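Working notes for the structure below.
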Amino acid sequence: MIHDLLVDRRGADPAAETCWRALTELLDHPVSGVERGTLWRFDLPDLEAAAFAAARGNLEAAASHAGRYVNLNRDRMFWLDRPRPYPATADRDGFAVDVWVEDDEGADAEALAYFRQAESRLNDLRRGIVWRLWLGVGSEDDACALATEITVTRARRHGLLMNPHAQRSTILSVVGAPGGAA
């Protein structure tokens, strides 16, 4: 069973801000905001409720132990059991698209060995960066198309978030504004 743990910054994220400026000022895309985080995808067997809670607790503790993968003074972490809601500070129309970008298909042997010390039932893990793009477009199809165009780098002025020769991307969710264009 797959369990996604998202780690992102509390407050301002300079990399997300730089990305947003490049997308709007250099590439002229209708992006009203960008967020960035690290997604840890843990593969665990099906567990009973108590074992499920204990496994998640073990993984959280390991991630934040000595700031190894999560610095609790700077970061926050939470489990993604469903798509994240539309951002409260985003424009009241449009879509928020979560795009996951992985290096080497997300493999991280060192992290897998580390997390298995804390949770022996862990089958596998993948890691990547999640970019949340706040897009001012009129439909979910337009949001997916624009997110793909923004993500996949094809030339200096086309795409920004991933190199298709060394990385892969997946659209995780598309969430429309409440009462907006959705």
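Residue numbering restarts at 1 for every chain of the structure tokens, chains are lettered A, B, ... in their displayed order, and ligands are numbered from 1 as they appear.
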
Checklist entry - Skipping near chain neighbours, those fewer than 4 positions away, what residues fall within 9 Å of Gly37 of chain A using only C-alpha atoms, listed as a list in words? => result Leu6, Val7, Asp8, Arg9, Gly128, Ile129, Val130, Trp131 and Arg132 of chain A

Checklist entry - Could you pull the residues within 10 Å of Ala113 of chain A, counting only C-alpha atoms, minus those fewer than 5 positions along the same chain, as number ranges by chain? => result A: 108, 118-120, 122, 124-125

Dump C-alpha atoms for the selected residues as a PDB file, in the first residue's frame?
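The resulting file, result.pdb, is reproduced below:
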ATOM      1  CA  ASP A 108      17.110   6.260  -3.319  1.00  0.00           C
ATOM      2  CA  ALA A 118      13.005   2.503  11.584  1.00  0.00           C
ATOM      3  CA  GLU A 119      10.253   0.499   9.822  1.00  0.00           C
ATOM      4  CA  SER A 120      11.254  -3.030   8.846  1.00  0.00           C
ATOM      5  CA  LEU A 122       8.903  -1.022   4.361  1.00  0.00           C
ATOM      6  CA  ASP A 124      10.253   0.256  -1.134  1.00  0.00           C
ATOM      7  CA  LEU A 125      10.362   4.025  -1.381  1.00  0.00           C
TER       8      LEU A 125
END

Checklist entry - Looking at A:Cys19, A:Trp134, A:Val70, A:Asn163, which one is nearest to Pro85 of chain A, with distances taken over only C-alpha atoms? => result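 Checking each candidate against Pro85 of chain A, we get A:Trp134 as the closest.
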
Item to check | Distance of atom CA of Thr148 of chain A from atom CA of Asp43 of chain A, expressed in Å to one decimal place | outcome: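 Rounded to one decimal, the two atoms are 26.3 Å apart.
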
Item to check | Minimum-distance residue to Ala90 of chain A, chosen among A:Ala177, A:Ala61, A:Met77, A:Cys144 (using only C-alpha atoms) | outcome: A:Ala177

Checklist entry - So which bits of segment 21-135 of chain A end up helix (DSSP H, G or I) when you DSSP the backbone, as a VMD selection string? => result chain A and resid 21 to 26 49 to 67 104 to 106 109 to 118

Next on the checklist: Residues within 12 Å of His165 of chain A, please, as an MDAnalysis selection string. Count only C-alpha atoms; anything in the same chain fewer than 3 positions from it doesn't count.
Outcome noted: chainID A and resid 102:105 152:154 162 168:169

Serialized selection, C-alpha atoms, as a short mmCIF file (atom, residue, chain, number, x, y, z; two decimals), in the first residue's frame:
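Generated file (out07.cif):
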data_model
loop_
_atom_site.label_atom_id
_atom_site.label_comp_id
_atom_site.auth_asym_id
_atom_site.auth_seq_id
_atom_site.Cartn_x
_atom_site.Cartn_y
_atom_site.Cartn_z
CA GLU A 102 11.66 12.16 -9.99
CA ASP A 103 15.36 11.56 -10.68
CA ASP A 104 16.31 7.99 -11.66
CA GLU A 105 12.68 6.85 -11.32
CA VAL A 152 9.03 19.37 -19.47
CA THR A 153 12.10 21.31 -20.61
CA ARG A 154 12.43 21.25 -24.39
CA MET A 162 12.44 18.68 -15.41
CA ARG A 168 10.24 11.78 -15.25
CA SER A 169 7.13 13.62 -14.17
#

Item to check | Residue among A:Leu27, A:Ala109, A:Ala49, A:Ala96 lying closest to Pro178 of chain A, counting only C-alpha atoms | outcome: A:Ala96
